[in-house]
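Peer 1: So that you have it, the file is input.txt, and it contains compact mmCIF, C-alpha atoms and all ligand atoms:
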# COMPACT_ATOMS: atom_id res chain seq x y z
CA MET U 25 90.36 58.67 6.76
CA SER U 26 93.77 59.66 5.49
CA ASP U 27 92.80 63.34 5.79
CA LEU U 28 92.20 62.71 9.45
CA ILE U 29 95.79 61.70 9.87
CA ASP U 30 97.34 64.36 7.69
CA SER U 31 95.72 67.57 8.82
CA PRO U 32 95.27 68.86 12.32
CA LEU U 33 91.79 70.21 11.61
CA ILE U 34 89.77 67.79 9.55
CA SER U 35 87.80 68.93 6.55
CA GLN U 36 84.07 68.62 6.23
CA ASP U 37 84.57 65.79 3.77
CA ALA U 38 86.69 63.91 6.24
CA GLN U 39 84.13 64.57 8.96
CA SER U 40 81.39 63.14 6.77
CA ARG U 41 83.49 60.11 5.99
CA PHE U 42 84.26 59.60 9.65
CA VAL U 43 80.53 59.68 10.38
CA THR U 44 79.64 57.36 7.50
CA GLU U 45 82.32 54.83 8.39
CA ASN U 46 81.38 54.61 12.04
CA LEU U 47 77.69 55.46 12.20
CA ARG U 48 76.24 51.96 12.00
CA ARG U 49 78.66 50.45 14.50
CA ILE U 50 78.23 53.25 17.02
CA PHE U 51 74.45 53.36 16.64
CA LEU U 52 74.18 49.61 17.26
CA GLN U 53 76.55 49.79 20.20
CA ILE U 54 74.47 52.50 21.84
CA TYR U 55 71.21 50.80 20.88
CA ARG U 56 72.27 47.59 22.66
CA ILE U 57 72.96 49.59 25.80
CA VAL U 58 69.87 51.82 25.89
CA GLY U 59 67.47 49.43 24.18
CA ASN U 60 65.40 51.74 22.00
CA VAL U 61 65.84 53.39 18.63
CA ALA U 62 64.77 56.93 19.51
CA ASP U 63 67.21 57.34 22.41
CA ALA U 64 69.94 55.53 20.49
CA GLN U 65 69.52 58.04 17.67
CA ASP U 66 69.84 61.07 19.96
CA LEU U 67 72.82 59.61 21.79
CA THR U 68 74.59 58.58 18.60
CA GLN U 69 74.31 62.14 17.32
CA GLU U 70 75.53 63.47 20.65
CA ALA U 71 78.50 61.08 20.67
CA PHE U 72 79.59 62.10 17.16
CA ILE U 73 79.21 65.79 17.91
CA LYS U 74 81.35 65.38 21.02
CA ALA U 75 83.95 63.35 19.13
CA LEU U 76 84.14 65.72 16.19
CA SER U 77 84.41 68.71 18.51
CA ARG U 78 87.69 67.22 19.74
CA GLN U 79 89.46 66.71 16.46
CA ASP U 80 92.88 66.40 18.03
CA GLN U 81 91.79 62.95 19.19
CA LEU U 82 90.91 61.86 15.68
CA LYS U 83 94.27 61.91 13.98
CA ASP U 84 95.07 58.26 14.49
CA GLU U 85 92.44 56.15 12.75
CA LYS U 86 92.56 53.15 15.06
CA LYS U 87 92.71 55.22 18.21
CA ALA U 88 89.91 57.39 16.87
CA ALA U 89 87.62 54.36 16.48
CA HIS U 90 88.27 53.29 20.08
CA TRP U 91 87.96 56.83 21.31
CA LEU U 92 84.62 57.29 19.56
CA SER U 93 83.45 53.98 20.96
CA ARG U 94 84.47 55.13 24.41
CA ILE U 95 82.53 58.36 24.05
CA ALA U 96 79.54 56.37 22.79
CA THR U 97 79.61 53.97 25.74
CA ASN U 98 79.88 56.77 28.23
CA THR U 99 77.23 58.88 26.56
CA ALA U 100 74.86 55.90 26.74
CA LEU U 101 75.73 55.01 30.33
CA ASP U 102 75.48 58.61 31.41
CA PHE U 103 72.08 58.86 29.75
CA LEU U 104 70.89 55.81 31.69
CA ARG U 105 72.21 57.31 34.91
CA ARG U 106 70.54 60.67 34.25
CA ASN U 107 67.31 59.24 33.06
CA SER U 108 66.41 56.37 35.27
CA ARG U 109 63.06 57.30 33.91
CA VAL U 110 60.30 55.32 32.40
CA SER U 111 58.78 56.58 29.21
CA PHE U 112 55.11 55.94 29.73
CA CYS U 113 53.98 57.22 26.41
CA GLU U 114 55.88 56.51 23.28
CA MET U 115 54.29 56.25 19.89
CA GLU U 116 56.51 55.12 17.13
CA PHE U 117 55.33 54.41 13.65
CA ALA U 118 57.81 52.31 11.75
CA PRO U 119 57.26 52.44 8.03
CA GLU U 120 56.51 49.12 6.41
CA ARG U 121 59.43 47.30 4.84
CA HIS U 122 59.21 45.06 1.85
CA SER U 123 62.76 43.97 1.09
CA GLU U 124 62.64 40.75 3.10
CA SER U 125 60.17 37.94 3.22
CA PRO U 126 57.77 37.97 6.18
CA GLU U 127 59.54 34.89 7.56
CA GLU U 128 62.93 36.58 7.41
CA ILE U 129 61.59 39.69 9.07
CA LEU U 130 59.99 37.62 11.80
CA LEU U 131 63.18 35.65 12.37
CA ARG U 132 65.27 38.79 12.48
CA SER U 133 62.92 40.66 14.75
CA GLU U 134 62.57 37.62 17.01
CA HIS U 135 66.33 37.34 17.29
CA GLN U 136 66.71 41.05 17.94
CA ASP U 137 63.91 41.01 20.47
CA TYR U 138 65.36 37.95 22.17
CA LEU U 139 68.81 39.50 22.35
CA GLN U 140 67.59 42.86 23.60
CA LYS U 141 65.35 41.32 26.26
CA GLY U 142 68.30 39.26 27.46
CA LEU U 143 70.48 42.37 27.65
CA ASP U 144 67.72 44.16 29.55
CA THR U 145 68.10 41.69 32.43
CA LEU U 146 71.61 43.08 33.07
CA SER U 147 72.62 46.22 34.92
CA PRO U 148 73.72 49.08 32.64
CA ARG U 149 77.41 48.49 33.32
CA GLU U 150 77.12 44.74 32.91
CA ARG U 151 75.25 45.34 29.68
CA ALA U 152 77.86 47.76 28.41
CA ALA U 153 80.67 45.35 29.35
CA LEU U 154 78.94 42.43 27.63
CA VAL U 155 78.13 44.45 24.52
CA LEU U 156 81.71 45.66 24.20
CA ARG U 157 83.34 42.30 24.94
CA ASP U 158 80.99 39.74 23.38
CA VAL U 159 79.13 41.69 20.72
CA GLU U 160 81.78 44.21 19.69
CA ASP U 161 84.57 41.74 20.38
CA LEU U 162 86.86 44.24 22.11
CA PRO U 163 89.62 42.88 24.36
CA ALA U 164 88.86 43.02 28.08
CA GLU U 165 91.58 45.65 28.58
CA GLU U 166 89.87 47.98 26.13
CA VAL U 167 86.50 47.36 27.76
CA ALA U 168 88.05 48.32 31.10
CA ARG U 169 89.41 51.50 29.54
CA GLN U 170 86.07 52.37 28.01
CA LEU U 171 84.24 51.86 31.27
CA SER U 172 87.01 53.59 33.23
CA CYS U 173 87.38 50.76 35.68
CA SER U 174 89.97 48.18 36.62
CA LYS U 175 90.38 44.96 34.67
CA ALA U 176 89.23 43.01 37.73
CA THR U 177 86.03 45.04 37.92
CA VAL U 178 85.35 44.70 34.25
CA ARG U 179 85.91 40.93 34.45
CA SER U 180 83.33 40.77 37.19
CA HIS U 181 80.87 42.78 35.06
CA ILE U 182 81.52 40.49 32.11
CA ALA U 183 81.15 37.31 34.18
CA ASN U 184 77.94 38.52 35.84
CA GLY U 185 76.58 39.62 32.49
CA ARG U 186 77.27 36.24 30.90
CA ILE U 187 75.76 34.37 33.85
CA LYS U 188 72.60 36.48 33.79
CA PHE U 189 72.33 36.19 30.03
CA ARG U 190 72.72 32.41 30.28
CA LYS U 191 69.97 32.26 32.92
CA TYR U 192 67.77 34.29 30.63
CA ALA U 193 68.59 32.04 27.67
CA THR U 194 67.84 28.92 29.70
CA ARG U 195 64.48 30.31 30.77
CA ASN U 196 63.64 31.33 27.22
CA SER U 197 65.31 28.57 25.24
CA ARG U 198 64.05 28.53 21.71
CA MET H 18 90.09 21.58 42.06
CA SER H 19 88.55 18.21 42.81
CA GLN H 20 85.68 16.81 40.85
CA ARG H 21 83.39 17.26 43.83
CA GLN H 22 84.25 20.92 43.90
CA HIS H 23 82.88 22.29 40.64
CA ILE H 24 84.26 25.32 38.88
CA PRO H 25 82.41 28.46 40.00
CA GLN H 26 80.08 29.91 37.35
CA THR H 27 82.01 33.18 37.20
CA GLN H 28 85.17 31.33 36.23
CA LEU H 29 83.38 29.23 33.64
CA ALA H 30 81.83 32.38 32.23
CA LEU H 31 85.25 34.00 31.93
CA TYR H 32 87.05 30.88 30.75
CA SER H 33 84.72 30.35 27.81
CA ARG H 34 86.09 33.42 26.05
CA GLY H 35 89.66 33.24 27.25
CA ASP H 36 89.21 35.90 29.93
CA VAL H 37 91.20 34.01 32.59
CA GLY H 38 94.93 33.82 33.17
CA PHE H 39 97.17 30.97 31.99
CA TRP H 40 97.25 28.94 35.22
CA ARG H 41 93.56 29.37 35.92
CA ARG H 42 92.83 28.18 32.43
CA LYS H 43 94.95 25.05 32.89
CA LEU H 44 93.10 24.25 36.13
CA VAL H 45 89.73 24.74 34.50
CA GLU H 46 90.70 22.61 31.51
CA ARG H 47 91.84 19.77 33.75
CA HIS H 48 88.53 19.86 35.58
CA LEU H 49 86.48 20.02 32.39
CA ASP H 50 88.22 16.88 31.10
CA ARG H 51 86.78 14.97 34.02
CA CYS H 52 83.50 16.72 34.75
CA GLU H 53 80.66 16.52 32.27
CA GLU H 54 78.50 18.92 34.21
CA CYS H 55 81.00 21.76 34.09
CA ALA H 56 81.98 20.89 30.51
CA ALA H 57 78.32 21.22 29.47
CA ALA H 58 78.00 24.55 31.26
CA ALA H 59 81.20 25.83 29.62
CA LEU H 60 79.88 24.80 26.21
CA GLU H 61 76.66 26.69 26.88
CA PHE H 62 78.64 29.84 27.63
CA VAL H 63 80.58 29.39 24.41
CA ARG H 64 77.38 29.03 22.35
CA LEU H 65 75.85 32.04 24.03
CA GLN H 66 78.82 34.18 23.16
CA GLU H 67 78.78 32.94 19.59
CA SER H 68 75.18 33.98 19.31
CA LEU H 69 75.97 37.39 20.83
CA SER H 70 78.85 38.00 18.45
CA ARG H 71 76.73 36.93 15.45
CA SER H 72 74.21 39.57 16.42
CA ALA H 73 76.77 42.37 16.23
CA ASP H 74 75.45 43.72 12.96
CA VAL H 75 71.79 42.86 13.33
CA MET H 76 69.62 45.94 13.07
CA PRO H 77 66.48 46.36 15.14
CA ALA H 78 63.45 45.10 13.22
CA ALA H 79 62.04 48.63 12.97
CA LEU H 80 65.08 49.60 10.89
CA ASP H 81 64.97 46.78 8.39
CA GLY H 82 65.01 47.56 4.70
CA SER H 83 65.36 51.24 3.92
CA GLY H 84 64.71 52.16 7.56
CA TRP H 85 68.36 52.24 8.47
CA GLN H 86 69.29 54.30 5.41
CA SER H 87 66.80 57.04 6.22
CA LEU H 88 67.74 57.05 9.89
CA ALA H 89 71.42 57.24 8.94
CA SER H 90 70.81 60.25 6.68
CA GLU H 91 68.74 61.87 9.39
CA MET H 92 71.48 61.36 11.96
CA SER H 93 74.18 62.62 9.59
CA ALA H 94 72.16 65.78 8.94
CA ASN H 95 71.64 66.32 12.65
CA ILE H 96 75.32 65.77 13.39
CA ARG H 97 76.23 68.39 10.76
CA LEU H 98 73.69 70.75 12.28
CA GLY H 99 75.00 70.08 15.79
CA LEU H 100 78.57 70.72 14.69
CA SER H 101 77.76 74.01 12.98
CA ALA H 102 75.74 75.08 15.99
CA GLY H 103 78.75 74.17 18.11
CA GLU H 104 80.99 76.33 15.93
CA CYS H 105 78.63 79.31 16.30
CA VAL H 106 78.77 79.29 20.06
CA SER H 107 82.15 77.53 20.29
CA PHE H 108 81.62 75.00 23.00
CA VAL H 109 84.75 74.62 25.06
CA GLU H 110 85.36 71.25 26.60
CA ARG H 111 87.99 70.84 29.25
CA PRO H 112 91.06 69.86 27.29
CA SER H 113 92.77 67.96 30.08
CA ARG H 114 90.64 64.85 29.95
CA VAL H 115 88.22 62.96 27.78
CA ALA H 116 84.65 63.97 28.48
CA LEU H 117 83.59 60.70 30.04
CA VAL H 118 80.40 62.14 31.41
CA THR H 119 78.04 64.19 29.30
CA PRO H 120 77.96 67.71 30.57
CA PRO H 121 74.22 68.24 31.00
CA ARG H 122 74.66 71.81 29.82
CA LEU H 123 75.97 70.58 26.49
CA SER H 124 72.98 68.36 25.84
CA LEU H 125 70.57 71.05 26.96
CA ALA H 126 72.29 73.65 24.86
CA LEU H 127 72.27 71.35 21.86
CA ALA H 128 68.61 70.55 22.38
CA GLY H 129 67.90 74.26 22.62
CA LEU H 130 69.91 75.07 19.54
CA THR H 131 68.22 72.30 17.64
CA VAL H 132 64.81 73.69 18.52
CA LEU H 133 65.96 77.17 17.57
CA ALA H 134 67.42 76.05 14.28
CA VAL H 135 64.32 74.11 13.35
CA LEU H 136 62.07 76.97 14.39
CA LEU H 137 64.07 79.35 12.23
CA ALA H 138 63.88 76.96 9.33
CA MET H 139 60.15 76.73 9.57
CA GLU H 140 57.76 79.14 8.01
CA ASN H 141 55.40 79.62 10.88
CA PRO H 142 56.85 78.86 14.24
CA VAL H 143 54.26 79.79 16.81
CA LEU H 144 55.48 81.09 20.11
CA HIS H 145 52.71 81.78 22.54
CA HIS H 146 53.42 84.26 25.23
CA ALA H 147 50.43 85.26 27.22
CA ALA H 148 50.00 88.95 27.97
CA VAL H 149 50.44 88.39 31.68
CA PRO H 150 54.01 88.40 32.99
CA ALA H 151 55.66 85.09 33.69
CA GLN H 152 54.52 83.58 36.92
CA ALA H 153 57.04 83.21 39.66
CA GLY H 154 55.77 79.77 40.46
CA LEU H 155 56.14 78.46 36.94
CA SER H 156 58.13 75.50 38.08
CA ASN H 157 55.26 74.48 40.30
CA THR H 158 52.99 74.15 37.31
CA LEU H 159 53.13 70.79 35.67
CA PRO H 160 53.92 71.02 31.98
CA THR H 161 51.34 69.57 29.68
CA LEU H 162 51.77 68.15 26.25
CA GLU H 163 49.07 68.25 23.64
CA ALA H 164 49.58 66.60 20.35
CA SER H 165 47.20 66.90 17.45
CA GLY H 166 47.68 65.61 13.92
CA ASP H 167 49.83 68.57 12.91
CA GLU H 168 51.03 70.20 16.10
CA THR H 169 52.78 69.39 19.32
CA MET H 170 52.20 71.87 22.08
CA VAL H 171 53.97 72.06 25.39
CA SER H 172 52.45 74.36 27.92
CA SER H 173 53.12 75.26 31.47
CA GLY H 174 50.92 77.77 33.24
CA ASP H 175 50.30 80.68 30.87
CA ARG H 176 53.21 79.93 28.60
CA GLY H 177 53.36 77.57 25.78
CA LEU H 178 55.48 76.55 22.87
CA SER H 179 54.02 74.82 19.91
CA VAL H 180 55.93 73.16 17.15
CA PRO H 181 54.04 72.26 14.03
CA ALA H 182 54.68 68.94 12.34
CA PRO H 183 53.42 68.35 8.82
CA ALA H 184 50.34 66.19 8.78
CA GLY H 185 51.12 62.70 7.64
CA SER H 186 54.73 62.67 8.86
CA ASN H 187 55.90 60.11 11.36
CA VAL H 188 55.88 62.05 14.58
CA ILE H 189 57.39 60.47 17.64
CA ARG H 190 56.18 61.96 20.86
CA THR H 191 57.61 61.00 24.19
CA VAL H 192 56.51 62.04 27.64
CA SER H 193 58.58 60.86 30.55
CA ALA H 194 57.64 60.34 34.14
CA HIS H 195 59.62 63.31 35.41
CA GLY H 196 58.04 65.78 33.05
CA ALA H 197 60.29 65.79 30.01
CA VAL H 198 58.48 65.99 26.73
CA ARG H 199 59.81 65.42 23.29
CA SER H 200 58.40 65.50 19.86
CA ARG H 201 60.28 64.56 16.76
CA TYR H 202 59.67 64.13 13.09
CA VAL H 203 61.49 64.08 9.80
CA ASP H 204 60.64 66.90 7.42
CA ASP H 205 61.13 66.95 3.67
CA THR H 206 64.13 69.24 3.68
CA GLY H 207 66.76 67.31 5.57
CA VAL H 208 67.15 68.77 9.03
CA THR H 209 64.82 66.63 10.80
CA ILE H 210 64.69 66.76 14.52
CA VAL H 211 62.51 68.71 16.85
CA ASN H 212 63.16 68.35 20.52
CA VAL H 213 61.15 70.15 23.11
CA TYR H 214 62.18 69.66 26.68
CA ALA H 215 60.24 71.00 29.59
CA GLU H 216 61.90 69.60 32.64
ZN ZN X 301 82.53 20.19 37.64
Could you spell out this file's structure in structure tokens?
Ligand SMILES: [Zn+2]
Peer 2:
Amino acid sequence: MSDLIDSPLISQDAQSRFVTENLRRIFLQIYRIVGNVADAQDLTQEAFIKALSRQDQLKDEKKAAHWLSRIATNTALDFLRRNSRVSFCEMEFAPERHSESPEEILLRSEHQDYLQKGLDTLSPRERAALVLRDVEDLPAEEVARQLSCSKATVRSHIANGRIKFRKYATRNSR
Amino acid sequence: MSQRQHIPQTQLALYSRGDVGFWRRKLVERHLDRCEECAAAALEFVRLQESLSRSADVMPAALDGSGWQSLASEMSANIRLGLSAGECVSFVERPSRVALVTPPRLSLALAGLTVLAVLLAMENPVLHHAAVPAQAGLSNTLPTLEASGDETMVSSGDRGLSVPAPAGSNVIRTVSAHGAVRSRYVDDTGVTIVNVYAE
């Protein structure tokens, strides 16, 4: 990312590197908030396009990562606000995978399913706060910045999120 | 805090990850030393957070194996496409603040550009325009989506837009309760998204 720091307008190479370096993290962050792959894909693309359209914000590597994360969170939350919709018809054909044993795949998908269902019991803002604080491990101050709310509010989102998630975990203890 | 008065759940939830101030933490710790019930609850919160933080890099099951790699390439291609489309029409965002809320126009414009770009890239995009002029009450007509093995067609009244998808590709079609329709697939050439919205 050194090109990002050196030049005011970043090259296509640097853009690609910025995408490659952050794609997985941002996709997962958005996926945890919206809960499905198709929407997470669209929103991830949207977040990167927005971020890369404002290159002046990308000069400082560390700030750029937070800034991108902030755009991602807000893109996801905004999507949930706009689309309090229920998809009643979604057909998705996942190709078969062979790199892991069936047991490993089952374990992984069970864990993922378990986690996502737990997150689904939270409100969008609680979910975003919990994802950023407990999954992404961001400090509470940064979570507050990303959600554009006070630290007190974000603490209440985090606490409520943890309490709801614990209730869910107790009900579904494995 | 006496032993009879337990620590509220919200404080335990915050304490377990160090999200309380110094004095609050000391109070909670003193209580936990004497109260098994609260200590057990605090431990549960700690374990829960450990499990959440372990899951940070866990991909959805559908993206195991090579799934993530192909999705990542697809997204990278679409981001490049979106950026070049953005350069063509030079989107201007308000410079004074971070765009915290997606401007709906931007997403719609991007969706539109994506459709356009894909249509241009295809050999036979089929645009159906009936001979009759557009009806004034078009918005009153519910859009319909028809999907066959190799085509997704959105129609509303006399107008329709069909986007072919190669037979055998993984087409994802979504219809939402408020009338949005979407079809998407990955083609062989790289640019891989087809979005059709009729809202
Ligand atoms: Zn107690």
Peer 1: Please identify the residues whose atoms come within 12 Å of ligand ZN 301 (chain X), using only C-alpha atoms and all ligand atoms, and report them as a PDB file with C-alpha atoms, keeping the file's coordinate frame.
Peer 2:
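Output contents, as saved in result10.pdb:
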ATOM      1  CA  MET H  18      90.090  21.580  42.060  1.00  0.00           C
ATOM      2  CA  SER H  19      88.550  18.210  42.810  1.00  0.00           C
ATOM      3  CA  GLN H  20      85.680  16.810  40.850  1.00  0.00           C
ATOM      4  CA  ARG H  21      83.390  17.260  43.830  1.00  0.00           C
ATOM      5  CA  GLN H  22      84.250  20.920  43.900  1.00  0.00           C
ATOM      6  CA  HIS H  23      82.880  22.290  40.640  1.00  0.00           C
ATOM      7  CA  ILE H  24      84.260  25.320  38.880  1.00  0.00           C
ATOM      8  CA  PRO H  25      82.410  28.460  40.000  1.00  0.00           C
ATOM      9  CA  GLN H  26      80.080  29.910  37.350  1.00  0.00           C
ATOM     10  CA  GLN H  28      85.170  31.330  36.230  1.00  0.00           C
ATOM     11  CA  LEU H  29      83.380  29.230  33.640  1.00  0.00           C
ATOM     12  CA  LEU H  44      93.100  24.250  36.130  1.00  0.00           C
ATOM     13  CA  VAL H  45      89.730  24.740  34.500  1.00  0.00           C
ATOM     14  CA  GLU H  46      90.700  22.610  31.510  1.00  0.00           C
ATOM     15  CA  ARG H  47      91.840  19.770  33.750  1.00  0.00           C
ATOM     16  CA  HIS H  48      88.530  19.860  35.580  1.00  0.00           C
ATOM     17  CA  LEU H  49      86.480  20.020  32.390  1.00  0.00           C
ATOM     18  CA  ASP H  50      88.220  16.880  31.100  1.00  0.00           C
ATOM     19  CA  ARG H  51      86.780  14.970  34.020  1.00  0.00           C
ATOM     20  CA  CYS H  52      83.500  16.720  34.750  1.00  0.00           C
ATOM     21  CA  GLU H  53      80.660  16.520  32.270  1.00  0.00           C
ATOM     22  CA  GLU H  54      78.500  18.920  34.210  1.00  0.00           C
ATOM     23  CA  CYS H  55      81.000  21.760  34.090  1.00  0.00           C
ATOM     24  CA  ALA H  56      81.980  20.890  30.510  1.00  0.00           C
ATOM     25  CA  ALA H  57      78.320  21.220  29.470  1.00  0.00           C
ATOM     26  CA  ALA H  58      78.000  24.550  31.260  1.00  0.00           C
ATOM     27  CA  ALA H  59      81.200  25.830  29.620  1.00  0.00           C
TER      28      ALA H  59
END
Peer 1: Stretch 67-78 of chain U: which residues within 8 Å, counting only C-alpha atoms, same-chain residues fewer than 6 positions away excluded, as a count of residues only?
Peer 2: 20
Peer 1: Leaving out U:Phe42 and any residue of its chain fewer than 3 positions from it, which residues lie within 10 Å of it when counting all atoms listed in the file, given as a ChimeraX atom specification?
Peer 2: /U:25,28,34,36-39,45-47,72,76,82,85,88-89
Peer 1: Out of U:Val159, U:Val178, U:Arg94, U:Asn196, which residue has the shortest atom-to-atom distance to chain H when counting all atoms listed in the file?
Peer 2: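 Among the listed residues, U:Val159 lies closest to chain H.
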Peer 1: Rounded to one decimal place, report the atom CA of U:Gly142-atom CA of U:Phe189 distance in Å.
Peer 2: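 For atom CA of U:Gly142 relative to atom CA of U:Phe189, the distance reads 5.7 Å.
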